[in-house]
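The file query24.cif contains mmCIF, C-alpha atoms:
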```cif
data_query
#
loop_
_atom_site.label_atom_id
_atom_site.label_comp_id
_atom_site.auth_asym_id
_atom_site.auth_seq_id
_atom_site.Cartn_x
_atom_site.Cartn_y
_atom_site.Cartn_z
CA MET A 1113 -38.55 93.05 5.95
CA GLY A 1114 -41.83 93.04 7.85
CA GLY A 1115 -43.42 95.02 5.02
CA TRP A 1116 -42.27 92.47 2.45
CA ARG A 1117 -43.63 89.64 4.60
CA ASP A 1118 -46.96 91.46 4.79
CA SER A 1119 -46.96 91.82 1.01
CA PHE A 1120 -46.30 88.10 0.63
CA SER A 1121 -49.55 87.46 2.50
CA ILE A 1122 -51.42 88.09 -0.78
CA TYR A 1123 -50.47 84.51 -1.70
CA ARG A 1124 -52.12 83.20 1.47
CA ASP A 1125 -55.50 84.53 0.33
CA ARG A 1126 -57.68 81.44 -0.15
CA ARG A 1127 -59.04 82.96 -3.35
CA GLN A 1128 -55.62 82.25 -4.85
CA LEU A 1129 -56.43 78.52 -4.70
CA ILE A 1130 -59.42 79.12 -6.97
CA ILE A 1131 -57.22 81.10 -9.37
CA LEU A 1132 -54.61 78.29 -9.32
CA LEU A 1133 -57.18 75.63 -10.24
CA GLN A 1134 -58.64 77.81 -12.97
CA GLY A 1135 -55.15 78.43 -14.34
CA PHE A 1136 -54.67 74.65 -14.44
CA SER A 1137 -57.85 74.22 -16.48
CA SER A 1138 -56.78 77.03 -18.81
CA GLY A 1139 -53.37 75.52 -19.55
CA LEU A 1140 -54.35 71.86 -19.86
CA PRO A 1141 -55.60 71.78 -23.50
CA LEU A 1142 -52.74 73.80 -25.04
CA LEU A 1143 -50.11 71.09 -25.59
CA LEU A 1144 -52.78 68.59 -26.63
CA VAL A 1145 -53.10 70.57 -29.89
CA TYR A 1146 -49.41 71.50 -30.03
CA SER A 1147 -46.30 69.52 -29.05
CA THR A 1148 -48.14 66.48 -27.63
CA LEU A 1149 -50.20 66.27 -30.81
CA SER A 1150 -47.09 66.60 -32.98
CA ALA A 1151 -45.42 63.76 -31.02
CA ARG A 1152 -48.47 61.57 -31.56
CA LEU A 1153 -48.52 62.33 -35.29
CA ALA A 1154 -44.79 61.71 -35.63
CA GLN A 1155 -45.16 58.34 -33.89
CA ALA A 1156 -47.84 57.48 -36.45
CA HIS A 1157 -45.37 58.40 -39.24
CA ILE A 1158 -47.48 61.28 -40.53
CA ASP A 1159 -45.64 63.47 -43.04
CA ARG A 1160 -43.92 66.47 -41.43
CA THR A 1161 -45.64 68.87 -43.80
CA GLN A 1162 -49.02 67.61 -42.63
CA ILE A 1163 -47.88 67.86 -39.01
CA GLY A 1164 -46.94 71.49 -39.53
CA LEU A 1165 -50.30 72.26 -41.12
CA LEU A 1166 -52.18 70.52 -38.32
CA LEU A 1167 -50.45 72.73 -35.76
CA LEU A 1168 -52.30 75.68 -37.35
CA ALA A 1169 -55.19 74.43 -35.21
CA GLN A 1170 -53.82 76.83 -32.57
CA LEU A 1171 -55.05 79.83 -34.59
CA PRO A 1172 -58.13 80.39 -32.33
CA TYR A 1173 -55.80 81.43 -29.49
CA THR A 1174 -54.63 84.37 -31.62
CA VAL A 1175 -58.01 85.65 -32.79
CA LYS A 1176 -60.17 84.86 -29.76
CA PHE A 1177 -61.06 88.55 -29.32
CA LEU A 1178 -63.36 88.18 -32.35
CA TRP A 1179 -65.97 86.19 -30.39
CA ALA A 1180 -65.15 87.46 -26.90
CA PRO A 1181 -68.11 89.95 -27.04
CA LEU A 1182 -70.50 87.00 -27.21
CA LEU A 1183 -69.14 85.57 -23.97
CA ASP A 1184 -69.53 88.99 -22.34
CA ARG A 1185 -73.17 89.35 -23.38
CA VAL A 1186 -74.93 86.19 -24.61
CA PRO A 1187 -76.52 84.16 -21.77
CA PRO A 1188 -74.83 80.75 -21.36
CA PRO A 1189 -76.63 77.44 -22.00
CA LEU A 1190 -76.28 76.52 -18.31
CA PRO A 1191 -78.09 78.95 -15.96
CA LEU A 1192 -75.21 79.38 -13.51
CA GLY A 1193 -74.47 83.05 -14.13
CA GLN A 1194 -72.60 84.69 -17.00
CA ARG A 1195 -69.08 83.61 -16.06
CA ARG A 1196 -69.81 80.31 -14.30
CA GLY A 1197 -72.36 79.22 -16.87
CA TRP A 1198 -70.04 79.72 -19.84
CA ALA A 1199 -67.02 78.26 -18.02
CA VAL A 1200 -68.77 75.01 -17.07
CA THR A 1201 -70.39 74.70 -20.53
CA LEU A 1202 -67.06 75.10 -22.31
CA GLN A 1203 -65.22 72.78 -19.93
CA ILE A 1204 -67.76 69.99 -20.36
CA ALA A 1205 -67.43 70.38 -24.14
CA LEU A 1206 -63.63 70.37 -23.81
CA MET A 1207 -63.68 67.20 -21.74
CA LEU A 1208 -65.66 65.41 -24.48
CA ALA A 1209 -63.66 66.86 -27.39
CA ILE A 1210 -60.29 65.95 -25.83
CA ALA A 1211 -61.47 62.39 -25.20
CA ALA A 1212 -62.70 62.20 -28.81
CA MET A 1213 -59.23 63.21 -30.04
CA GLY A 1214 -57.88 60.11 -28.34
CA LEU A 1215 -60.34 57.92 -30.23
CA ALA A 1216 -59.35 59.26 -33.66
CA ASP A 1217 -56.60 57.23 -35.35
CA PRO A 1218 -54.15 59.56 -37.19
CA LYS A 1219 -53.48 56.89 -39.85
CA THR A 1220 -57.14 56.45 -40.86
CA ASP A 1221 -58.96 59.49 -39.41
CA LEU A 1222 -56.48 62.34 -39.91
CA GLY A 1223 -59.15 64.74 -41.20
CA TRP A 1224 -61.42 63.98 -38.25
CA LEU A 1225 -58.51 64.42 -35.85
CA ALA A 1226 -57.70 67.80 -37.44
CA LEU A 1227 -61.30 69.00 -36.98
CA LEU A 1228 -61.27 67.86 -33.36
CA ALA A 1229 -57.97 69.68 -32.76
CA VAL A 1230 -59.47 72.91 -34.13
CA LEU A 1231 -62.54 72.39 -31.94
CA VAL A 1232 -60.40 71.82 -28.83
CA ALA A 1233 -58.36 74.95 -29.58
CA PHE A 1234 -61.54 77.00 -30.12
CA LEU A 1235 -63.13 75.76 -26.89
CA SER A 1236 -59.85 76.26 -25.01
CA ALA A 1237 -59.42 79.82 -26.28
CA SER A 1238 -63.04 80.54 -25.32
CA GLN A 1239 -62.43 79.08 -21.88
CA ASP A 1240 -59.42 81.39 -21.51
CA ILE A 1241 -61.63 84.41 -22.26
CA VAL A 1242 -64.04 83.49 -19.46
CA ILE A 1243 -61.34 82.54 -16.93
CA ASP A 1244 -59.35 85.74 -17.55
CA ALA A 1245 -62.49 87.85 -17.12
CA PHE A 1246 -63.43 85.98 -13.94
CA ARG A 1247 -59.93 86.49 -12.48
CA ILE A 1248 -60.03 90.23 -13.13
CA GLU A 1249 -63.50 90.59 -11.60
CA PHE A 1250 -62.78 88.21 -8.72
CA MET A 1251 -59.55 89.72 -7.38
CA PRO A 1252 -59.09 93.33 -6.17
CA PRO A 1253 -56.81 95.64 -8.22
CA GLU A 1254 -53.92 95.42 -5.75
CA SER A 1255 -53.90 91.62 -6.05
CA GLN A 1256 -53.93 91.37 -9.85
CA GLY A 1257 -50.15 90.81 -10.01
CA ALA A 1258 -50.33 87.95 -7.51
CA ALA A 1259 -53.37 86.51 -9.30
CA ALA A 1260 -51.45 86.59 -12.59
CA ALA A 1261 -48.54 84.75 -10.94
CA THR A 1262 -50.90 82.11 -9.50
CA THR A 1263 -52.50 81.69 -12.92
CA VAL A 1264 -49.05 81.10 -14.43
CA ALA A 1265 -48.31 78.51 -11.73
CA GLY A 1266 -51.50 76.61 -12.49
CA TYR A 1267 -50.79 76.89 -16.21
CA ARG A 1268 -47.29 75.45 -15.82
CA ILE A 1269 -48.56 72.52 -13.75
CA ALA A 1270 -51.14 71.80 -16.45
CA ILE A 1271 -48.50 71.96 -19.18
CA LEU A 1272 -46.41 69.45 -17.25
CA CYS A 1273 -49.44 67.13 -17.13
CA SER A 1274 -50.47 67.52 -20.79
CA GLY A 1275 -46.86 67.39 -21.98
CA ALA A 1276 -44.64 64.95 -20.09
CA GLY A 1277 -47.62 63.38 -18.31
CA ALA A 1278 -49.58 62.70 -21.50
CA LEU A 1279 -46.51 61.22 -23.19
CA GLU A 1280 -45.85 58.96 -20.21
CA ILE A 1281 -49.43 57.65 -20.18
CA ALA A 1282 -49.33 57.15 -23.96
CA GLY A 1283 -46.13 55.12 -23.60
CA LEU A 1284 -47.69 52.88 -20.97
CA ALA A 1285 -51.29 52.52 -22.14
CA GLY A 1286 -51.69 54.18 -25.54
CA TRP A 1287 -53.03 57.48 -26.83
CA ARG A 1288 -56.68 56.72 -26.12
CA TRP A 1289 -55.95 56.44 -22.42
CA SER A 1290 -53.65 59.45 -22.57
CA TYR A 1291 -56.22 61.80 -24.08
CA GLY A 1292 -58.98 60.22 -22.00
CA VAL A 1293 -57.16 61.02 -18.76
CA MET A 1294 -56.47 64.58 -19.98
CA GLY A 1295 -60.18 64.98 -20.69
CA LEU A 1296 -61.06 63.79 -17.18
CA LEU A 1297 -58.66 66.36 -15.71
CA MET A 1298 -61.02 69.06 -17.02
CA LEU A 1299 -63.19 68.04 -14.06
CA VAL A 1300 -60.84 70.17 -11.94
CA GLY A 1301 -62.14 73.33 -13.59
CA ILE A 1302 -65.76 72.15 -13.64
CA ALA A 1303 -65.71 71.37 -9.91
CA THR A 1304 -63.99 74.68 -9.12
CA PHE A 1305 -66.67 76.74 -10.85
CA LEU A 1306 -69.53 74.67 -9.45
CA LEU A 1307 -68.28 75.14 -5.88
CA ILE A 1308 -68.04 78.95 -6.04
CA ASP A 1309 -70.68 81.63 -6.38
CA GLU A 1310 -71.27 83.81 -9.42
CA LEU A 1311 -69.80 87.29 -9.08
CA PRO A 1312 -72.19 90.23 -8.67
CA PRO A 1313 -72.46 92.55 -11.70
CA ARG A 1314 -70.15 95.57 -11.66
CA PRO A 1315 -71.30 99.21 -12.02
CA ARG A 1316 -71.63 100.24 -15.64
CA ALA A 1317 -73.66 103.49 -15.59
CA GLU A 1318 -71.60 105.59 -18.03
CA ILE A 1319 -71.24 102.70 -20.48
CA VAL A 1320 -74.95 101.90 -20.35
CA GLN A 1321 -75.60 105.54 -21.21
CA ARG A 1322 -73.41 105.23 -24.33
CA GLU A 1323 -75.23 102.09 -25.42
CA GLN A 1324 -78.63 103.64 -24.73
CA LEU A 1325 -77.79 106.63 -26.93
CA ALA A 1326 -77.05 104.24 -29.80
CA ALA A 1327 -80.27 102.33 -29.17
CA ASP A 1328 -82.32 105.55 -29.11
CA TYR A 1329 -80.75 106.71 -32.37
CA LEU A 1330 -81.53 103.44 -34.10
CA ALA A 1331 -85.10 103.41 -32.77
CA ARG A 1332 -85.71 106.90 -34.19
CA ASN A 1333 -84.42 105.94 -37.63
CA PRO A 1334 -87.48 105.60 -39.90
CA HIS A 1335 -85.73 103.04 -42.11
CA LEU A 1336 -85.48 100.50 -39.30
CA GLN A 1337 -88.19 98.37 -37.77
CA GLY A 1338 -88.34 97.71 -34.04
CA TRP A 1339 -86.75 94.24 -33.98
CA LEU A 1340 -84.01 95.26 -36.40
CA ALA A 1341 -83.22 98.38 -34.40
CA GLN A 1342 -82.97 96.30 -31.24
CA THR A 1343 -80.72 93.74 -32.94
CA LEU A 1344 -78.38 96.44 -34.25
CA ALA A 1345 -78.36 98.12 -30.84
CA ASN A 1346 -77.38 94.83 -29.20
CA LEU A 1347 -74.60 94.30 -31.74
CA HIS A 1348 -73.39 97.84 -31.19
CA GLY A 1349 -73.30 97.30 -27.43
CA ALA A 1350 -71.60 93.91 -27.61
CA VAL A 1351 -69.13 94.44 -30.46
CA VAL A 1352 -68.55 98.16 -31.09
CA CYS A 1353 -68.75 99.60 -27.58
CA PRO A 1354 -65.96 97.48 -26.02
CA PHE A 1355 -63.46 98.68 -28.62
CA LEU A 1356 -64.89 102.21 -28.68
CA ASP A 1357 -64.55 102.36 -24.90
CA PHE A 1358 -60.89 101.37 -25.16
CA ILE A 1359 -59.86 103.73 -27.97
CA THR A 1360 -61.46 106.72 -26.26
CA ARG A 1361 -59.24 106.45 -23.20
CA PRO A 1362 -55.99 108.47 -22.99
CA GLY A 1363 -52.88 106.82 -24.45
CA TRP A 1364 -54.61 103.81 -26.01
CA LEU A 1365 -52.39 103.74 -29.10
CA ALA A 1366 -49.20 103.94 -27.02
CA ILE A 1367 -50.50 101.04 -24.91
CA LEU A 1368 -51.01 98.87 -28.00
CA LEU A 1369 -47.45 99.65 -29.12
CA PHE A 1370 -46.03 98.93 -25.69
CA ILE A 1371 -47.65 95.50 -25.21
CA PRO A 1372 -45.73 93.55 -27.91
CA ALA A 1373 -42.57 95.62 -27.45
CA TYR A 1374 -42.23 94.94 -23.70
CA LYS A 1375 -41.36 91.23 -24.01
CA LEU A 1376 -39.99 91.31 -27.56
CA GLY A 1377 -36.31 90.87 -26.67
CA GLU A 1378 -37.04 88.03 -24.25
CA ALA A 1379 -39.34 86.34 -26.80
CA MET A 1380 -36.76 86.58 -29.61
CA ALA A 1381 -34.04 85.12 -27.42
CA GLY A 1382 -36.31 82.37 -26.11
CA ALA A 1383 -37.44 81.40 -29.60
CA MET A 1384 -33.82 80.80 -30.65
CA SER A 1385 -32.59 79.26 -27.39
CA ARG A 1386 -33.08 75.61 -28.46
CA PRO A 1387 -31.16 75.99 -31.76
CA PHE A 1388 -28.45 77.81 -29.77
CA TYR A 1389 -28.19 74.94 -27.27
CA ILE A 1390 -27.96 72.40 -30.09
CA ASP A 1391 -25.23 74.45 -31.82
CA LEU A 1392 -23.22 74.23 -28.60
CA GLY A 1393 -23.41 70.44 -28.74
CA PHE A 1394 -26.06 69.76 -26.08
CA SER A 1395 -28.16 66.64 -26.61
CA LEU A 1396 -31.95 66.72 -26.55
CA THR A 1397 -31.89 64.85 -23.24
CA GLU A 1398 -29.55 67.42 -21.70
CA ILE A 1399 -31.71 70.28 -22.97
CA ALA A 1400 -34.84 68.64 -21.54
CA GLN A 1401 -33.23 67.98 -18.17
CA MET A 1402 -31.42 71.30 -17.70
CA SER A 1403 -33.83 73.58 -19.52
CA SER A 1404 -37.39 72.26 -19.58
CA LEU A 1405 -37.41 70.91 -16.02
CA VAL A 1406 -35.69 74.00 -14.65
CA ALA A 1407 -38.28 76.15 -16.46
CA PHE A 1408 -41.12 74.61 -14.48
CA ALA A 1409 -39.80 75.80 -11.12
CA THR A 1410 -38.18 79.07 -12.15
CA THR A 1411 -41.14 80.37 -14.17
CA ILE A 1412 -43.44 79.83 -11.19
CA MET A 1413 -40.91 81.47 -8.89
CA GLY A 1414 -40.48 84.39 -11.27
CA GLY A 1415 -44.23 84.90 -11.49
CA MET A 1416 -44.52 84.97 -7.71
CA ILE A 1417 -41.72 87.54 -7.45
CA GLY A 1418 -43.39 89.67 -10.13
CA GLY A 1419 -46.73 89.52 -8.32
CA LEU A 1420 -45.05 90.41 -5.04
CA LEU A 1421 -43.28 93.39 -6.61
CA ALA A 1422 -46.55 94.65 -8.14
CA ALA A 1423 -48.18 94.56 -4.70
CA ARG A 1424 -45.20 96.06 -2.89
CA ILE A 1425 -43.84 98.81 -5.16
CA GLY A 1426 -46.74 99.41 -7.52
CA LEU A 1427 -47.52 98.52 -11.09
CA LEU A 1428 -45.34 101.10 -12.84
CA ARG A 1429 -42.16 100.44 -10.87
CA SER A 1430 -42.60 96.69 -11.11
CA LEU A 1431 -42.98 96.96 -14.90
CA VAL A 1432 -39.69 98.86 -15.06
CA VAL A 1433 -37.81 96.57 -12.65
CA CYS A 1434 -39.04 93.36 -14.27
CA GLY A 1435 -38.47 94.76 -17.77
CA VAL A 1436 -34.84 95.52 -16.94
CA ALA A 1437 -34.46 92.10 -15.29
CA GLN A 1438 -35.76 90.18 -18.30
CA SER A 1439 -33.39 92.12 -20.58
CA LEU A 1440 -30.39 91.35 -18.40
CA GLY A 1441 -31.47 87.71 -18.32
CA ASN A 1442 -30.53 87.45 -22.01
CA LEU A 1443 -26.90 88.18 -21.14
CA PHE A 1444 -26.64 84.71 -19.58
CA TYR A 1445 -26.79 83.27 -23.09
CA ILE A 1446 -23.56 85.14 -23.85
CA LEU A 1447 -22.04 83.60 -20.72
CA LEU A 1448 -23.09 80.15 -21.94
CA ASP A 1449 -21.60 80.84 -25.38
CA ALA A 1450 -18.28 81.63 -23.70
CA ALA A 1451 -18.49 78.55 -21.43
CA GLY A 1452 -19.39 76.16 -24.25
CA HIS A 1453 -20.76 72.72 -23.39
CA SER A 1454 -21.30 73.25 -19.67
CA LEU A 1455 -24.37 71.71 -18.03
CA PRO A 1456 -24.24 73.96 -14.92
CA ILE A 1457 -24.08 77.12 -17.07
CA LEU A 1458 -26.88 75.76 -19.28
CA ALA A 1459 -29.03 75.32 -16.18
CA LEU A 1460 -28.09 78.82 -14.98
CA SER A 1461 -28.91 80.34 -18.38
CA ALA A 1462 -32.28 78.57 -18.58
CA ALA A 1463 -33.09 79.56 -14.99
CA ALA A 1464 -32.26 83.22 -15.65
CA GLU A 1465 -34.43 83.24 -18.80
CA ASP A 1466 -37.45 81.69 -17.14
CA LEU A 1467 -37.14 83.49 -13.79
CA THR A 1468 -36.95 86.97 -15.32
CA GLY A 1469 -39.45 86.10 -18.06
CA GLY A 1470 -41.90 84.91 -15.40
CA MET A 1471 -41.45 88.14 -13.45
CA ALA A 1472 -42.13 90.32 -16.49
CA GLY A 1473 -45.01 88.13 -17.64
CA ALA A 1474 -46.84 88.41 -14.31
CA VAL A 1475 -46.64 92.20 -14.09
CA LEU A 1476 -47.60 92.59 -17.77
CA ILE A 1477 -50.72 90.46 -17.21
CA ALA A 1478 -51.52 92.58 -14.15
CA PHE A 1479 -51.15 95.74 -16.27
CA LEU A 1480 -53.44 94.39 -19.00
CA SER A 1481 -55.97 93.36 -16.36
CA ARG A 1482 -55.94 96.87 -14.90
CA LEU A 1483 -56.74 98.37 -18.32
CA THR A 1484 -60.08 96.54 -18.70
CA ARG A 1485 -63.44 97.95 -17.63
CA ALA A 1486 -66.80 96.36 -16.89
CA PRO A 1487 -68.95 95.21 -18.62
CA TYR A 1488 -66.39 94.61 -21.38
CA ILE A 1489 -63.69 92.86 -19.37
CA ALA A 1490 -63.66 89.62 -21.38
CA THR A 1491 -63.59 91.41 -24.74
CA GLN A 1492 -60.99 94.04 -23.83
CA TYR A 1493 -58.62 91.60 -22.14
CA ALA A 1494 -58.87 89.20 -25.09
CA LEU A 1495 -57.98 92.08 -27.41
CA LEU A 1496 -54.96 93.15 -25.33
CA ALA A 1497 -53.75 89.57 -24.89
CA SER A 1498 -54.01 89.01 -28.65
CA PHE A 1499 -51.68 91.96 -29.23
CA MET A 1500 -49.17 90.28 -26.96
CA VAL A 1501 -49.41 87.00 -28.91
CA ILE A 1502 -49.58 88.55 -32.40
CA GLY A 1503 -46.58 90.79 -31.74
CA ARG A 1504 -44.52 87.89 -30.41
CA SER A 1505 -45.44 85.72 -33.39
CA LEU A 1506 -44.67 88.36 -36.02
CA PHE A 1507 -41.39 89.72 -34.71
CA THR A 1508 -39.75 86.60 -33.30
CA ALA A 1509 -39.85 85.13 -36.82
CA THR A 1510 -36.88 87.38 -37.65
CA GLY A 1511 -34.76 85.81 -34.90
CA GLY A 1512 -33.31 83.09 -37.11
CA ALA A 1513 -32.07 85.44 -39.83
CA LEU A 1514 -30.81 87.97 -37.28
CA SER A 1515 -28.84 85.38 -35.28
CA LYS A 1516 -27.33 84.00 -38.48
CA SER A 1517 -26.12 87.40 -39.67
CA LEU A 1518 -24.89 88.67 -36.27
CA GLY A 1519 -23.66 85.48 -34.62
CA TRP A 1520 -24.92 84.19 -31.29
CA PRO A 1521 -23.17 86.59 -28.84
CA MET A 1522 -24.12 89.76 -30.73
CA PHE A 1523 -27.65 88.46 -31.34
CA PHE A 1524 -28.28 87.99 -27.62
CA PHE A 1525 -26.72 91.38 -26.88
CA VAL A 1526 -29.11 92.99 -29.37
CA THR A 1527 -32.10 91.24 -27.77
CA THR A 1528 -30.96 92.69 -24.47
CA LEU A 1529 -31.16 96.22 -25.91
CA ILE A 1530 -34.44 95.74 -27.82
CA THR A 1531 -36.54 96.18 -24.70
CA LEU A 1532 -35.05 99.65 -24.04
CA PRO A 1533 -37.48 101.52 -26.37
CA ALA A 1534 -40.42 99.81 -24.62
CA LEU A 1535 -39.14 100.93 -21.21
CA LEU A 1536 -38.68 104.50 -22.46
CA LEU A 1537 -42.20 104.40 -23.88
CA LEU A 1538 -43.46 103.10 -20.53
CA ILE A 1539 -41.87 105.96 -18.61
CA TRP A 1540 -43.24 108.49 -21.11
CA MET A 1541 -46.76 107.00 -20.82
CA ALA A 1542 -46.57 107.14 -17.02
CA LYS A 1543 -45.73 110.85 -17.12
CA ARG A 1544 -48.33 111.64 -19.76
CA TRP A 1545 -51.20 109.42 -18.54
CA PRO A 1546 -50.51 108.36 -14.93
CA GLN A 1547 -54.16 107.24 -14.49
CA ASN A 1548 -53.41 104.11 -16.53
CA PHE A 1549 -51.08 102.86 -13.79
CA GLU A 1550 -53.17 103.65 -10.73
#
```

Using the file provided, produce a representation of the structure as structure tokens.
Amino acid sequence: MGGWRDSFSIYRDRRQLIILLQGFSSGLPLLLVYSTLSARLAQAHIDRTQIGLLLLAQLPYTVKFLWAPLLDRVPPPLPLGQRRGWAVTLQIALMLAIAAMGLADPKTDLGWLALLAVLVAFLSASQDIVIDAFRIEFMPPESQGAAAATTVAGYRIAILCSGAGALEIAGLAGWRWSYGVMGLLMLVGIATFLLIDELPPRPRAEIVQREQLAADYLARNPHLQGWLAQTLANLHGAVVCPFLDFITRPGWLAILLFIPAYKLGEAMAGAMSRPFYIDLGFSLTEIAQMSSLVAFATTIMGGMIGGLLAARIGLLRSLVVCGVAQSLGNLFYILLDAAGHSLPILALSAAAEDLTGGMAGAVLIAFLSRLTRAPYIATQYALLASFMVIGRSLFTATGGALSKSLGWPMFFFVTTLITLPALLLLIWMAKRWPQNFE
């Protein structure tokens, strides 16, 4: 027990407070271009088809790896260091763009509101790139699991503010005040980055050598002039080398297969959980009270447990333990199906889903963080995180048809088994390429 208490001390590291506040800034804009925006549009009696199209503004979160190399290399407008300078620049822009969304009237300025939503999503996704890179560089390898859990905690607090909080303010004072207050909350991230120091650059000798070889080759090419050769060399270093560095490491293809597969069963079950609750006769108020509110606490708790396991038993074992736990969590849906309209079992089912999902999410983020290498941390993490999002988006779309053909109990049983191939792949990767888990 003393060893576990010592492991828990990773959460008493004062650097975790910085990670918490950055996680808050990262999560704050998300619902403002998603469910909070859809509620605002619905209140303005905007056609549901247009609402659905406007929610495509979230696309930048999926493809953010495309411009991540720029944030790794291009000097920021504010001379505060590579990470701090970009973070503060993006957060100031976010503060203004979010406030501007509040000024746009959906009835008369729908096109302008749509452009602002895309801008907020782009700036938010860019902010995520910088914050993720800073977290990985800021915290030591053994603390990446705990840092991921703290990030999730900050993210969940922000979602509570930009979801329920924004709706409450809008009900009392209107949408202008709601979005204005959300914009001001970006000051949390700005102050956090201004009060800390820029991180020192990490060693990059072998990678610099690879980039220099490309630069020398281009300089010797008689068809290229000096400035063009330098431009192409810079593009090669910023865009090609991060991906080349990743695909030359052992087991890279297996890693890309594992990432979406690891949380697939949990994601499929979670995507269909609300329709399942409604089929059982639960009202929207009951679902909100017993599911959404429970999720806030249990996801944070699950993330902390996952981070603690990663520090205590290592990355590989924690991936296996949390992967099994999130699969078994889906069985609580079968229990709820048998119980019928039972609020206590609904709360238990939601708690099991979010607790085990939070555990698995924290250790997966720690694993992805461990796979990145300087000076390409922002680019490589954005790429790996995009695989997690793209895989979840593509495969969970089949959940509706699958649940309809199998029925709810068998559907949730299948989602419990779906994670098994990912766990077998994980064990095989660990035996074949153990260096990826060290």

Would you write out, as a tab-separated table, a table of all residues in stretch 1388-1447 of chain A that have an atom no more than 10 Å from an atom of stretch 1263-1272 of chain A, listing for each the closest atom pair and the distance in Å to one decimal, considering only C-alpha atoms and ordering rows by chain and rising residue number?
```
residue	atom	partner	partner_atom	distance
A:Ser1404	CA	A:Leu1272	CA	9.7
A:Leu1405	CA	A:Leu1272	CA	9.2
A:Ala1407	CA	A:Arg1268	CA	9.1
A:Phe1408	CA	A:Arg1268	CA	6.4
A:Ala1409	CA	A:Arg1268	CA	8.8
A:Thr1411	CA	A:Ala1265	CA	7.8
A:Ile1412	CA	A:Ala1265	CA	5.1
A:Met1413	CA	A:Ala1265	CA	8.5
A:Gly1414	CA	A:Val1264	CA	9.7
A:Gly1415	CA	A:Val1264	CA	6.8
A:Met1416	CA	A:Ala1265	CA	8.5
```

Answer key for the PyMOL selection byres ((chain A and resi 1301) around 9), residues as an MDAnalysis selection string: chainID A and resid 1133:1138 1199:1200 1203 1297:1300 1302:1306

Given the PyMOL selection byres ((chain A and resi 1449) around 12), the residues it picks as JSON, numbers by chain: {"A": [1385, 1388, 1389, 1390, 1391, 1392, 1393, 1394, 1442, 1443, 1444, 1445, 1446, 1447, 1448, 1450, 1451, 1452, 1453, 1454, 1457, 1458, 1461, 1519, 1520, 1521, 1522, 1523, 1524, 1525]}

Reference answer for the PyMOL selection byres ((chain A and resi 1278) around 9), as a ChimeraX atom specification: /A:1144,1148,1272-1277,1279-1283,1287,1289-1291,1293-1294

Atom-to-atom span, atom CA of A:Ser1498 and atom CA of A:Pro1372, Å: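 Separation of atom CA of A:Ser1498 and atom CA of A:Pro1372: 9.5 Å.
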
Of the listed residues A:Leu1428, A:Met1207, A:Val1436, A:Met1500, that which approaches A:Met1541 most closely, counting only C-alpha atoms: A:Leu1428

Gap from atom CA of A:Pro1172 to atom CA of A:Ala1366 - Å, one decimal: 25.7 Å

Write out N, CA and C atoms for stretch 1286-1296 of chain A, as a PDB file, keeping the file's coordinate frame.
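What landed in result.pdb:
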```pdb
ATOM      1  N   GLY A1286     -51.175  53.782 -24.240  1.00  0.00           N
ATOM      2  CA  GLY A1286     -51.690  54.180 -25.540  1.00  0.00           C
ATOM      3  C   GLY A1286     -52.320  55.571 -25.514  1.00  0.00           C
ATOM      4  N   TRP A1287     -52.540  56.110 -26.718  1.00  0.00           N
ATOM      5  CA  TRP A1287     -53.030  57.480 -26.830  1.00  0.00           C
ATOM      6  C   TRP A1287     -54.478  57.630 -26.401  1.00  0.00           C
ATOM      7  N   ARG A1288     -55.283  56.607 -26.549  1.00  0.00           N
ATOM      8  CA  ARG A1288     -56.680  56.720 -26.120  1.00  0.00           C
ATOM      9  C   ARG A1288     -56.756  56.979 -24.620  1.00  0.00           C
ATOM     10  N   TRP A1289     -55.984  56.224 -23.865  1.00  0.00           N
ATOM     11  CA  TRP A1289     -55.950  56.440 -22.420  1.00  0.00           C
ATOM     12  C   TRP A1289     -55.342  57.796 -22.087  1.00  0.00           C
ATOM     13  N   SER A1290     -54.316  58.186 -22.833  1.00  0.00           N
ATOM     14  CA  SER A1290     -53.650  59.450 -22.570  1.00  0.00           C
ATOM     15  C   SER A1290     -54.624  60.624 -22.708  1.00  0.00           C
ATOM     16  N   TYR A1291     -55.275  60.704 -23.865  1.00  0.00           N
ATOM     17  CA  TYR A1291     -56.220  61.800 -24.080  1.00  0.00           C
ATOM     18  C   TYR A1291     -57.469  61.654 -23.206  1.00  0.00           C
ATOM     19  N   GLY A1292     -57.849  60.427 -22.900  1.00  0.00           N
ATOM     20  CA  GLY A1292     -58.980  60.220 -22.000  1.00  0.00           C
ATOM     21  C   GLY A1292     -58.720  60.760 -20.612  1.00  0.00           C
ATOM     22  N   VAL A1293     -57.521  60.503 -20.090  1.00  0.00           N
ATOM     23  CA  VAL A1293     -57.160  61.020 -18.760  1.00  0.00           C
ATOM     24  C   VAL A1293     -57.084  62.546 -18.795  1.00  0.00           C
ATOM     25  N   MET A1294     -56.534  63.114 -19.871  1.00  0.00           N
ATOM     26  CA  MET A1294     -56.470  64.580 -19.980  1.00  0.00           C
ATOM     27  C   MET A1294     -57.874  65.183 -19.998  1.00  0.00           C
ATOM     28  N   GLY A1295     -58.802  64.505 -20.693  1.00  0.00           N
ATOM     29  CA  GLY A1295     -60.180  64.980 -20.690  1.00  0.00           C
ATOM     30  C   GLY A1295     -60.786  64.953 -19.296  1.00  0.00           C
ATOM     31  N   LEU A1296     -60.526  63.884 -18.550  1.00  0.00           N
ATOM     32  CA  LEU A1296     -61.060  63.790 -17.180  1.00  0.00           C
ATOM     33  C   LEU A1296     -60.490  64.875 -16.272  1.00  0.00           C
TER      34      LEU A1296
END
```
